[in-house]
>>> print(open('coords-v1.cif').read())   # mmCIF, C-alpha atoms and all ligand atoms
data_structure
#
loop_
_atom_site.label_atom_id
_atom_site.label_comp_id
_atom_site.auth_asym_id
_atom_site.auth_seq_id
_atom_site.Cartn_x
_atom_site.Cartn_y
_atom_site.Cartn_z
CA MET A 24 -16.80 24.24 12.76
CA PRO A 25 -13.07 24.94 13.11
CA SER A 26 -11.29 22.72 15.58
CA LEU A 27 -10.84 24.35 18.96
CA CYS A 28 -7.61 22.44 19.39
CA ARG A 29 -6.41 24.05 16.21
CA VAL A 30 -7.28 27.39 17.72
CA ARG A 31 -5.15 26.45 20.70
CA ARG A 32 -2.20 25.71 18.48
CA ILE A 33 -2.54 29.02 16.70
CA SER A 34 -2.70 31.07 19.87
CA LEU A 35 -3.17 29.79 23.36
CA ALA A 36 -4.05 33.26 24.65
CA ALA A 37 -6.63 33.87 21.96
CA ALA A 38 -8.17 30.48 22.58
CA ALA A 39 -8.36 31.17 26.30
CA LEU A 40 -10.24 34.36 25.55
CA LEU A 41 -12.71 32.30 23.59
CA GLY A 42 -13.04 29.93 26.51
CA ALA A 43 -11.80 27.19 24.30
CA VAL A 44 -8.89 25.70 26.18
CA ALA A 45 -10.86 23.28 28.31
CA LEU A 46 -12.47 21.77 25.22
CA CYS A 47 -9.10 20.95 23.68
CA GLY A 48 -8.10 18.52 26.37
CA PRO A 49 -9.84 15.37 27.46
CA ALA A 50 -13.29 16.32 26.19
CA ALA A 51 -12.10 16.52 22.60
CA ALA A 52 -9.80 13.54 22.97
CA GLN A 53 -12.61 11.33 24.24
CA GLY A 54 -13.97 11.06 20.77
CA SER A 55 -16.79 13.52 20.60
CA GLY A 56 -17.58 15.31 17.36
CA LYS A 57 -16.32 14.39 13.96
CA LEU A 58 -13.19 12.36 13.51
CA ARG A 59 -10.78 14.38 11.39
CA VAL A 60 -9.29 12.09 8.76
CA GLY A 61 -6.29 13.27 6.75
CA LEU A 62 -5.92 11.61 3.36
CA MET A 63 -2.36 12.07 2.13
CA LEU A 64 -2.26 10.39 -1.27
CA PRO A 65 -1.00 10.97 -4.80
CA TYR A 66 -3.63 12.79 -6.84
CA SER A 67 -1.17 13.66 -9.61
CA GLY A 68 1.64 11.83 -11.41
CA THR A 69 2.26 8.17 -12.22
CA TYR A 70 0.47 6.95 -9.04
CA THR A 71 -2.72 9.05 -9.42
CA ALA A 72 -5.02 6.10 -10.10
CA LEU A 73 -3.65 4.31 -7.03
CA GLY A 74 -4.45 7.24 -4.73
CA VAL A 75 -7.96 7.55 -6.13
CA ALA A 76 -8.63 3.82 -5.72
CA ILE A 77 -7.45 3.92 -2.09
CA GLU A 78 -9.76 6.82 -1.31
CA ASN A 79 -12.65 5.08 -3.08
CA GLY A 80 -12.10 1.90 -1.08
CA PHE A 81 -11.85 3.79 2.19
CA ARG A 82 -15.05 5.73 1.52
CA LEU A 83 -16.89 2.59 0.44
CA TYR A 84 -16.28 0.93 3.79
CA VAL A 85 -17.35 4.07 5.66
CA ALA A 86 -20.53 4.23 3.55
CA GLU A 87 -21.25 0.59 4.38
CA GLN A 88 -21.04 1.54 8.05
CA GLY A 89 -23.69 4.23 7.57
CA GLY A 90 -21.18 7.07 7.18
CA LYS A 91 -19.69 6.56 10.65
CA LEU A 92 -16.86 4.51 12.14
CA ALA A 93 -17.52 3.23 15.64
CA GLY A 94 -20.23 5.83 16.07
CA ARG A 95 -18.17 8.82 14.91
CA GLU A 96 -18.88 10.80 11.79
CA LEU A 97 -15.85 11.63 9.67
CA GLU A 98 -14.57 14.83 8.19
CA PHE A 99 -11.99 14.48 5.41
CA PHE A 100 -8.95 16.66 4.71
CA LYS A 101 -6.92 15.96 1.59
CA VAL A 102 -3.38 16.62 0.43
CA ASP A 103 -1.90 15.63 -2.93
CA ASP A 104 1.55 14.33 -1.98
CA GLU A 105 2.61 14.16 -5.66
CA SER A 106 4.66 11.05 -4.77
CA ASP A 107 7.41 13.53 -3.90
CA PRO A 108 9.49 12.57 -0.86
CA ALA A 109 11.04 16.04 -0.72
CA LYS A 110 7.61 17.51 0.08
CA ALA A 111 6.50 14.76 2.47
CA VAL A 112 7.23 16.47 5.78
CA ASP A 113 5.62 19.76 4.71
CA ASN A 114 2.60 17.93 3.36
CA VAL A 115 2.02 15.82 6.43
CA ASN A 116 2.42 18.89 8.61
CA LYS A 117 -0.38 20.59 6.64
CA LEU A 118 -2.67 17.83 7.81
CA ILE A 119 -1.38 17.69 11.37
CA LYS A 120 -0.84 21.37 12.15
CA ARG A 121 -3.20 23.20 9.79
CA ASP A 122 -6.08 20.73 9.69
CA ASN A 123 -5.50 19.19 13.12
CA VAL A 124 -6.37 15.68 11.92
CA ASP A 125 -6.90 12.78 14.31
CA VAL A 126 -5.64 10.15 11.89
CA LEU A 127 -3.44 10.06 8.81
CA ILE A 128 -4.30 7.73 5.94
CA GLY A 129 -1.36 7.52 3.53
CA THR A 130 0.35 6.94 1.31
CA VAL A 131 1.36 5.13 -1.90
CA HIS A 132 5.06 6.00 -2.41
CA SER A 133 7.54 4.45 0.02
CA GLY A 134 9.79 7.51 0.20
CA VAL A 135 6.85 9.74 1.05
CA ALA A 136 5.54 7.21 3.58
CA MET A 137 8.84 7.25 5.44
CA GLY A 138 8.58 11.04 5.78
CA MET A 139 5.02 10.64 7.05
CA ALA A 140 5.95 7.89 9.49
CA LYS A 141 8.76 10.00 10.94
CA VAL A 142 6.36 12.86 11.69
CA ALA A 143 3.60 10.49 12.85
CA LYS A 144 6.02 8.89 15.28
CA GLU A 145 7.35 12.20 16.59
CA THR A 146 3.89 13.72 17.06
CA GLY A 147 2.13 10.52 18.12
CA THR A 148 -0.45 10.97 15.35
CA LEU A 149 -2.29 7.80 14.42
CA MET A 150 -1.26 6.63 10.93
CA ILE A 151 -2.58 3.85 8.73
CA ASP A 152 -0.51 3.17 5.61
CA PRO A 153 -2.89 1.89 2.89
CA ASN A 154 -0.19 1.00 0.35
CA ALA A 155 3.44 2.11 0.62
CA GLY A 156 5.52 -0.99 1.31
CA ALA A 157 8.62 0.71 2.77
CA ASP A 158 10.11 -2.03 4.94
CA ALA A 159 11.22 0.61 7.46
CA VAL A 160 7.65 1.69 8.28
CA THR A 161 7.10 -1.64 10.02
CA GLY A 162 10.82 -2.07 10.68
CA PRO A 163 13.11 0.48 12.33
CA MET A 164 10.43 3.20 12.19
CA CYS A 165 7.67 1.08 13.73
CA ALA A 166 5.58 2.69 16.45
CA VAL A 167 2.59 1.95 18.63
CA ASN A 168 0.51 4.43 16.55
CA ILE A 169 1.60 3.28 13.04
CA PHE A 170 -0.20 0.48 11.15
CA ARG A 171 -0.26 -0.90 7.62
CA SER A 172 -3.25 -2.38 5.76
CA SER A 173 -1.20 -3.36 2.71
CA PHE A 174 2.14 -5.22 2.57
CA SER A 175 5.87 -4.73 3.03
CA ASN A 176 7.91 -4.45 -0.16
CA TRP A 177 9.74 -7.57 0.96
CA GLN A 178 6.58 -9.74 0.95
CA PRO A 179 5.59 -10.13 -2.75
CA GLY A 180 9.26 -10.12 -3.80
CA TYR A 181 10.18 -12.88 -1.38
CA ALA A 182 7.23 -15.02 -2.48
CA MET A 183 8.23 -14.60 -6.14
CA GLY A 184 11.84 -15.63 -5.49
CA ALA A 185 10.66 -19.05 -4.40
CA VAL A 186 8.15 -19.32 -7.28
CA MET A 187 10.73 -18.54 -9.98
CA ALA A 188 13.24 -20.99 -8.57
CA LYS A 189 10.53 -23.67 -8.42
CA ARG A 190 9.66 -22.97 -12.04
CA GLY A 191 13.22 -23.94 -12.97
CA HIS A 192 14.79 -20.54 -13.59
CA LYS A 193 18.47 -20.63 -12.66
CA ASN A 194 19.40 -16.99 -13.23
CA ALA A 195 17.58 -13.69 -13.45
CA VAL A 196 17.97 -10.01 -14.23
CA THR A 197 16.09 -7.55 -12.04
CA ILE A 198 14.78 -4.21 -13.26
CA THR A 199 13.01 -1.53 -11.25
CA TRP A 200 12.78 2.11 -10.25
CA LYS A 201 15.68 3.28 -8.10
CA TYR A 202 13.93 4.05 -4.83
CA ALA A 203 12.98 2.22 -1.65
CA ALA A 204 10.06 0.24 -3.10
CA GLY A 205 12.04 -1.04 -6.08
CA ASP A 206 15.17 -1.78 -4.07
CA GLU A 207 13.29 -3.58 -1.30
CA SER A 208 11.08 -5.57 -3.66
CA VAL A 209 14.19 -6.74 -5.52
CA ASN A 210 15.95 -7.52 -2.23
CA GLY A 211 13.04 -9.68 -1.09
CA PHE A 212 13.10 -11.48 -4.43
CA LYS A 213 16.86 -12.03 -4.29
CA GLU A 214 16.73 -13.34 -0.73
CA ALA A 215 14.40 -16.20 -1.66
CA PHE A 216 15.73 -16.79 -5.18
CA THR A 217 19.39 -17.10 -4.13
CA LYS A 218 18.43 -19.20 -1.09
CA ALA A 219 16.90 -21.65 -3.57
CA GLY A 220 20.12 -21.68 -5.63
CA GLY A 221 19.26 -18.96 -8.17
CA LYS A 222 21.84 -16.47 -9.44
CA ILE A 223 21.42 -12.78 -10.17
CA VAL A 224 22.91 -11.79 -13.52
CA LYS A 225 22.46 -8.04 -13.11
CA ASP A 226 20.34 -5.46 -11.28
CA LEU A 227 19.08 -2.70 -13.59
CA THR A 228 17.39 0.51 -12.46
CA VAL A 229 15.89 3.74 -13.76
CA PRO A 230 15.22 6.79 -11.59
CA PHE A 231 11.61 7.17 -10.34
CA PRO A 232 9.31 7.99 -12.16
CA ASN A 233 11.22 7.72 -15.48
CA VAL A 234 9.80 5.45 -18.15
CA GLU A 235 12.67 5.49 -20.65
CA PHE A 236 13.27 1.74 -20.72
CA GLN A 237 14.70 1.21 -24.20
CA ALA A 238 18.43 1.05 -23.36
CA LEU A 239 17.81 -1.36 -20.48
CA LEU A 240 15.59 -3.62 -22.60
CA THR A 241 18.40 -3.81 -25.15
CA GLU A 242 20.75 -4.79 -22.33
CA ILE A 243 18.36 -7.52 -21.13
CA ALA A 244 18.20 -8.92 -24.67
CA ALA A 245 22.01 -9.08 -24.73
CA LEU A 246 22.33 -10.62 -21.25
CA LYS A 247 19.83 -13.40 -22.12
CA PRO A 248 18.86 -14.37 -18.54
CA ASP A 249 16.44 -17.25 -17.90
CA ALA A 250 13.91 -14.74 -16.56
CA VAL A 251 13.35 -11.16 -15.40
CA TYR A 252 11.95 -9.97 -12.05
CA THR A 253 10.51 -6.48 -11.87
CA PHE A 254 8.77 -3.93 -9.68
CA PHE A 255 6.85 -1.20 -11.46
CA ALA A 256 3.39 0.16 -10.67
CA GLY A 257 0.75 2.55 -11.96
CA GLY A 258 1.51 4.43 -15.18
CA GLY A 259 5.10 3.16 -15.20
CA ALA A 260 3.92 -0.46 -15.10
CA VAL A 261 1.67 0.12 -18.10
CA LYS A 262 4.56 1.52 -20.12
CA PHE A 263 7.05 -1.14 -19.02
CA VAL A 264 4.83 -4.10 -19.90
CA LYS A 265 4.03 -2.62 -23.32
CA ASP A 266 7.67 -1.80 -24.05
CA TYR A 267 8.83 -5.28 -22.96
CA ALA A 268 6.41 -6.89 -25.42
CA ALA A 269 7.16 -4.38 -28.20
CA ALA A 270 10.89 -5.10 -27.83
CA GLY A 271 10.11 -8.74 -28.69
CA LEU A 272 11.26 -9.97 -25.25
CA LYS A 273 7.98 -11.34 -23.92
CA GLU A 274 8.16 -14.66 -25.80
CA LYS A 275 11.91 -15.06 -25.27
CA ILE A 276 12.60 -14.16 -21.63
CA PRO A 277 9.71 -14.67 -19.20
CA LEU A 278 8.80 -11.56 -17.24
CA TYR A 279 7.67 -11.85 -13.61
CA GLY A 280 6.98 -9.23 -11.00
CA ALA A 281 5.40 -8.08 -7.80
CA GLY A 282 1.69 -7.99 -8.67
CA PHE A 283 1.52 -4.20 -8.96
CA LEU A 284 2.92 -4.76 -12.46
CA THR A 285 -0.51 -5.89 -13.64
CA ASP A 286 -2.97 -4.58 -10.99
CA GLY A 287 -5.30 -1.78 -12.02
CA THR A 288 -3.40 -1.63 -15.32
CA LEU A 289 -4.81 -4.39 -17.52
CA GLU A 290 -7.20 -2.23 -19.56
CA ALA A 291 -4.29 -0.03 -20.62
CA GLN A 292 -1.78 -2.88 -21.11
CA GLY A 293 -4.03 -5.00 -23.33
CA ALA A 294 -2.45 -8.02 -25.03
CA ALA A 295 1.04 -7.07 -23.82
CA ALA A 296 0.13 -8.30 -20.32
CA GLU A 297 -1.51 -11.59 -21.35
CA GLY A 298 0.00 -14.58 -19.50
CA LEU A 299 2.23 -12.57 -17.12
CA MET A 300 2.69 -14.17 -13.72
CA THR A 301 2.98 -12.07 -10.58
CA THR A 302 2.74 -12.43 -6.80
CA LEU A 303 0.49 -10.33 -4.59
CA HIS A 304 -1.78 -10.41 -1.54
CA TYR A 305 -4.83 -10.05 -3.80
CA ALA A 306 -6.16 -11.52 -7.05
CA ASP A 307 -9.22 -11.07 -9.24
CA ALA A 308 -11.93 -13.69 -8.95
CA LEU A 309 -10.89 -15.08 -5.58
CA ASN A 310 -14.56 -15.98 -5.55
CA THR A 311 -15.12 -15.91 -1.80
CA PRO A 312 -18.40 -14.49 -0.48
CA ARG A 313 -16.47 -11.66 1.23
CA ASP A 314 -14.57 -10.66 -1.89
CA ASN A 315 -17.60 -11.02 -4.17
CA ALA A 316 -19.61 -8.69 -1.92
CA PHE A 317 -16.78 -6.13 -1.89
CA ARG A 318 -16.30 -6.26 -5.64
CA LEU A 319 -19.99 -5.93 -6.36
CA ALA A 320 -20.40 -2.98 -4.00
CA TYR A 321 -17.32 -1.26 -5.44
CA ALA A 322 -18.41 -1.80 -9.04
CA LYS A 323 -21.92 -0.50 -8.28
CA THR A 324 -20.63 2.58 -6.47
CA TYR A 325 -17.82 3.63 -8.78
CA LYS A 326 -18.69 1.89 -12.09
CA LEU A 327 -15.16 0.47 -11.98
CA GLN A 328 -13.59 -2.82 -11.06
CA PRO A 329 -11.68 -2.70 -7.76
CA ASP A 330 -7.98 -3.47 -7.60
CA VAL A 331 -5.46 -4.13 -4.85
CA TYR A 332 -5.32 -0.42 -3.96
CA ALA A 333 -9.09 -0.13 -3.53
CA MET A 334 -9.00 -3.21 -1.30
CA GLN A 335 -6.19 -1.78 0.84
CA GLY A 336 -8.09 1.51 1.27
CA TYR A 337 -11.18 -0.44 2.29
CA ASP A 338 -9.18 -2.39 4.85
CA ALA A 339 -7.55 0.76 6.22
CA ALA A 340 -11.07 1.94 7.09
CA GLN A 341 -11.88 -1.44 8.63
CA MET A 342 -8.77 -1.26 10.77
CA LEU A 343 -9.64 2.25 11.87
CA ARG A 344 -13.11 1.07 12.92
CA ILE A 345 -11.70 -1.82 14.94
CA GLY A 346 -9.27 0.42 16.80
CA LEU A 347 -11.81 3.19 17.34
CA ALA A 348 -14.44 0.80 18.68
CA ALA A 349 -11.98 -0.47 21.29
CA VAL A 350 -11.22 3.05 22.56
CA HIS A 351 -14.78 4.39 22.18
CA GLY A 352 -13.60 6.88 19.59
CA ASP A 353 -10.75 8.28 21.70
CA VAL A 354 -7.66 8.11 19.47
CA SER A 355 -5.42 9.35 22.27
CA LYS A 356 -5.63 5.87 23.84
CA LYS A 357 -2.86 4.54 21.63
CA ALA A 358 -1.92 1.44 23.58
CA GLU A 359 -5.53 0.24 23.73
CA PHE A 360 -6.08 1.09 20.06
CA ALA A 361 -2.99 -0.95 19.14
CA ALA A 362 -3.93 -3.83 21.44
CA ALA A 363 -7.29 -4.19 19.68
CA LEU A 364 -5.68 -4.32 16.25
CA ARG A 365 -2.95 -6.69 17.38
CA LYS A 366 -5.53 -9.27 18.37
CA ALA A 367 -7.93 -8.62 15.48
CA ARG A 368 -8.60 -10.97 12.61
CA ILE A 369 -9.37 -8.52 9.85
CA ASP A 370 -12.13 -9.70 7.53
CA SER A 371 -10.52 -8.51 4.31
CA PRO A 372 -11.67 -9.16 0.74
CA ARG A 373 -8.17 -10.65 0.22
CA GLY A 374 -8.96 -13.24 2.91
CA PRO A 375 -8.69 -12.78 6.66
CA PHE A 376 -5.41 -11.46 8.00
CA THR A 377 -3.79 -10.55 11.30
CA LEU A 378 -1.10 -8.00 12.11
CA SER A 379 2.47 -8.85 13.04
CA ALA A 380 4.08 -7.44 16.18
CA SER A 381 5.34 -4.56 14.04
CA HIS A 382 1.80 -3.91 12.65
CA ASN A 383 2.23 -5.32 9.13
CA PRO A 384 -0.31 -7.77 7.63
CA VAL A 385 0.50 -11.46 7.99
CA GLN A 386 -1.14 -12.69 4.82
CA ASP A 387 -1.28 -15.21 2.01
CA ILE A 388 0.62 -14.18 -1.09
CA TYR A 389 -1.06 -15.42 -4.27
CA LEU A 390 0.53 -16.43 -7.54
CA ARG A 391 -1.60 -14.91 -10.30
CA LYS A 392 -1.65 -15.14 -14.08
CA VAL A 393 -3.10 -12.55 -16.44
CA GLU A 394 -6.00 -13.94 -18.45
CA GLY A 395 -7.88 -11.31 -20.43
CA LYS A 396 -8.65 -8.46 -18.07
CA GLU A 397 -8.06 -10.44 -14.87
CA ASN A 398 -5.22 -11.46 -12.58
CA LYS A 399 -6.47 -15.02 -12.13
CA LEU A 400 -5.53 -16.94 -9.01
CA VAL A 401 -3.13 -19.80 -9.78
CA GLU A 402 -2.29 -20.91 -6.23
CA VAL A 403 -1.21 -19.65 -2.83
CA ALA A 404 2.51 -19.00 -3.33
CA SER A 405 3.24 -18.32 0.32
CA LYS A 406 0.84 -19.08 3.15
CA ALA A 407 0.50 -16.53 6.00
CA LEU A 408 3.73 -14.78 5.05
CA ALA A 409 4.97 -12.47 7.81
CA ASP A 410 7.45 -9.70 7.11
CA PRO A 411 10.45 -10.26 9.40
CA GLY A 412 10.02 -6.72 10.83
CA ARG A 413 13.79 -6.33 10.97
CA GLY A 414 14.83 -3.46 13.21
CA CYS A 415 11.45 -2.97 14.89
CA ARG A 416 11.71 -2.73 18.65
CA LEU A 417 8.04 -2.69 19.55
CA GLN A 418 7.40 -6.26 20.62
C1 LIG B 1 5.74 2.00 -2.87
O1 LIG B 1 6.36 3.02 -3.19
O2 LIG B 1 5.88 1.45 -1.76
C2 LIG B 1 4.78 1.39 -3.83
C3 LIG B 1 4.20 2.17 -4.81
C4 LIG B 1 3.27 1.60 -5.68
C5 LIG B 1 2.92 0.27 -5.53
C6 LIG B 1 3.49 -0.51 -4.54
C7 LIG B 1 4.43 0.06 -3.68
O3 LIG B 1 2.03 -0.27 -6.35
#
>>> encode(input="coords-v1.cif", output="structure tokens", more="lines below")
Ligand code: PHB
Amino acid sequence: MPSLCRVRRISLAAAALLGAVALCGPAAAQGSGKLRVGLMLPYSGTYTALGVAIENGFRLYVAEQGGKLAGRELEFFKVDDESDPAKAVDNVNKLIKRDNVDVLIGTVHSGVAMGMAKVAKETGTLMIDPNAGADAVTGPMCAVNIFRSSFSNWQPGYAMGAVMAKRGHKNAVTITWKYAAGDESVNGFKEAFTKAGGKIVKDLTVPFPNVEFQALLTEIAALKPDAVYTFFAGGGAVKFVKDYAAAGLKEKIPLYGAGFLTDGTLEAQGAAAEGLMTTLHYADALNTPRDNAFRLAYAKTYKLQPDVYAMQGYDAAQMLRIGLAAVHGDVSKKAEFAAALRKARIDSPRGPFTLSASHNPVQDIYLRKVEGKENKLVEVASKALADPGRGCRLQ
């Protein structure tokens, strides 16, 4: 059935003729009927697998709840955001204005997420970010109706800065894609690494989503740093790890990164990834009852191993259920929805986490090492790490 509220937006007069106006107000807002869920994710390009895993994880949790969240059935609307920030506002408006969604789930790319968050904030549409780490989303752009089930770009980078200094590296080169996620991941790394006495030899970048790394790998070989810190993900991470090994650098200059470098990518990276150490809020074989149950259910449903993205999608659905239950399905009650999440302890496969005042997970960051096809847990690199939420005025 088409949404009557959508009818109202198209033409108030026409809707009145249909006797629809009254149904668009409180009755609809109180959470009757299907909850309209807008999935804005990359279904093409270098981040395709990440978008698919997020959707899979989200749907798995909903299926475990009998197809409903807090008593409401869901109806899905999907947009491929192509990881293109220039199309972000148009794409999110398709979901808000055309499809009249109640909640936005998205996205992967930080630049796109900032476009989404801007519109979500302006329109008051509920948004749960199941990946994109853009610091601004839970910083200057924070809002009562915006939440994240994943991480801030600062978090894994900051944890790795301390790890690399502790492992005795005195200087490092950084290399990443030139956009918010790369810049902010590197900034987090540098903050902790330089605080511990480390020096940055050089920051290298390539435009997103380019994978022409050869010239920069030659430069790294010439610079001879103690170690390299990197942020790449998805298809780009596969190519970078293979190229780094093929250039003969792997045995000479240790490569570290935010854990996206080796998450969901190990099949394709093969031996080139063996032994790499990364930091992330998830690892394979955490071997807790909660994670084992999630991994088994995911593997049975999709005939695939879950990764960090699947887990974040799953937790986005959990967070939506917690908020919805508190407002009896009425997403217009934003303050109450937020209050429920702010006091929740979310029972995630990664381990339980809470949300900061700016709605970003406060979570353990693990140090992991690639062994075969797994990112094996080495230790907790940073316990209950909270993003500083710089610039958020929500408290
Ligand atoms: C981001 O753009 O924020 C981003 C993309 C892919 C990742 C992590 C972060 O794996």
>>> residues_around(input="coords-v1.cif", residues="Gly147 (chain A)", least_positions_apart="5", cutoff="10 Å", atoms="all atoms listed in the file", output="list in words")
Val126, Ala140, Lys141, Val142, Ala166, Val167, Asn168, Ile169, Ser355 and Lys357 of chain A
>>> closest_residue(input="coords-v1.cif", among="A:Ala404, A:Val350, A:Ala281, A:Ala340", to="Ile151 (chain A)", atoms="all atoms listed in the file")
A:Ala340
>>> closest_residue(input="coords-v1.cif", among="A:Leu92, A:Leu272, A:Ala136, A:Ala182", to="ligand LIG 1 (chain B)", atoms="all atoms listed in the file")
A:Ala136
>>> atom_distance(input="coords-v1.cif", atom1="CA of Val385 (chain A)", atom2="CA of Gly89 (chain A)")
28.8 Å
>>> residues_near_ligand(input="coords-v1.cif", ligand="ligand LIG 1 (chain B)", cutoff="6 Å", atoms="all atoms listed in the file", output="PyMOL selection string")
chain A and resi 131-133+155-157+204+256+283
>>> write_last_selection(input="coords-v1.cif", atoms="C-alpha atoms", output="tab-separated table (two decimals), keeping the file's coordinate frame")
chain	number	residue	atom	x	y	z
A	131	VAL	CA	1.36	5.13	-1.90
A	132	HIS	CA	5.06	6.00	-2.41
A	133	SER	CA	7.54	4.45	0.02
A	155	ALA	CA	3.44	2.11	0.62
A	156	GLY	CA	5.52	-0.99	1.31
A	157	ALA	CA	8.62	0.71	2.77
A	204	ALA	CA	10.06	0.24	-3.10
A	256	ALA	CA	3.39	0.16	-10.67
A	283	PHE	CA	1.52	-4.20	-8.96
>>> residues_near_point(input="coords-v1.cif", point="(-5.6, 2.1, 0.8)", cutoff="9 Å", atoms="all atoms listed in the file", output="list in words")
Leu73, Gly74, Ala76, Ile77, Glu78, Asn79, Gly80, Phe81, Ile128, Gly129, Thr130, Val131, Ile151, Asp152, Pro153, Asn154, Ser172, Ser173, Val331, Tyr332, Ala333, Met334, Gln335, Gly336, Tyr337, Asp338, Ala339 and Ala340 of chain A
>>> closest_atom_pairs(input="coords-v1.cif", of="region 149-221 of chain A", to="region 250-254 of chain A", cutoff="7 Å", atoms="all atoms listed in the file", output="CSV")
residue,atom,partner,partner_atom,distance
A:His192,CA,A:Ala250,CA,6.6
A:Asn194,CA,A:Ala250,CA,6.8
A:Ala195,CA,A:Ala250,CA,4.9
A:Val196,CA,A:Val251,CA,4.9
A:Thr197,CA,A:Tyr252,CA,4.8
A:Ile198,CA,A:Thr253,CA,5.0
A:Thr199,CA,A:Phe254,CA,5.1
A:Gly205,CA,A:Phe254,CA,5.7
A:Ser208,CA,A:Phe254,CA,6.7
>>> axis_aligned_box(input="coords-v1.cif", around="region 83-88 of chain A", padding_each_side="3 Å", output="lines of an AutoDock Vina configuration file")
center_x = -18.8
center_y = 2.4
center_z = 4.2
size_x = 11.0
size_y = 9.6
size_z = 13.6
>>> closest_residue(input="coords-v1.cif", among="A:Phe360, A:Phe376, A:Tyr84, A:Phe263", to="Met150 (chain A)", atoms="only C-alpha atoms")
A:Phe360
>>> closest_residue(input="coords-v1.cif", among="A:Lys275, A:Arg391, A:Arg95, A:Arg171", to="Pro248 (chain A)", atoms="all atoms listed in the file")
A:Lys275
>>> closest_residue(input="coords-v1.cif", among="A:Pro232, A:Gly191, A:Gly346, A:Gly184", to="Tyr279 (chain A)", atoms="only C-alpha atoms")
A:Gly184
>>> build_atoms(input="coords-v1.cif", residues="region 126-130 of chain A", atoms="all heavy atoms", output="tab-separated table (two decimals), keeping the file's coordinate frame")
chain	number	residue	atom	x	y	z
A	126	VAL	N	-6.26	11.35	12.47
A	126	VAL	CA	-5.64	10.15	11.89
A	126	VAL	C	-5.15	10.48	10.48
A	126	VAL	O	-5.81	11.23	9.74
A	126	VAL	CB	-6.60	8.94	11.90
A	126	VAL	CG1	-7.92	9.24	11.22
A	126	VAL	CG2	-5.98	7.71	11.26
A	127	LEU	N	-4.01	9.92	10.15
A	127	LEU	CA	-3.44	10.06	8.81
A	127	LEU	C	-3.67	8.77	8.04
A	127	LEU	O	-3.33	7.69	8.55
A	127	LEU	CB	-1.93	10.28	8.89
A	127	LEU	CG	-1.44	11.56	9.56
A	127	LEU	CD1	0.04	11.44	9.91
A	127	LEU	CD2	-1.68	12.75	8.64
A	128	ILE	N	-4.19	8.88	6.82
A	128	ILE	CA	-4.30	7.73	5.94
A	128	ILE	C	-3.37	8.02	4.76
A	128	ILE	O	-3.61	8.94	3.98
A	128	ILE	CB	-5.75	7.51	5.43
A	128	ILE	CG1	-6.74	7.39	6.61
A	128	ILE	CG2	-5.82	6.29	4.52
A	128	ILE	CD1	-6.55	6.19	7.51
A	129	GLY	N	-2.29	7.28	4.63
A	129	GLY	CA	-1.36	7.52	3.53
A	129	GLY	C	-0.07	6.75	3.74
A	129	GLY	O	0.23	6.34	4.85
A	130	THR	N	0.62	6.55	2.67
A	130	THR	CA	0.35	6.94	1.31
A	130	THR	C	0.71	5.81	0.36
A	130	THR	O	0.84	4.66	0.80
A	130	THR	CB	1.12	8.24	0.95
A	130	THR	OG1	0.72	8.67	-0.35
A	130	THR	CG2	2.63	8.03	1.00
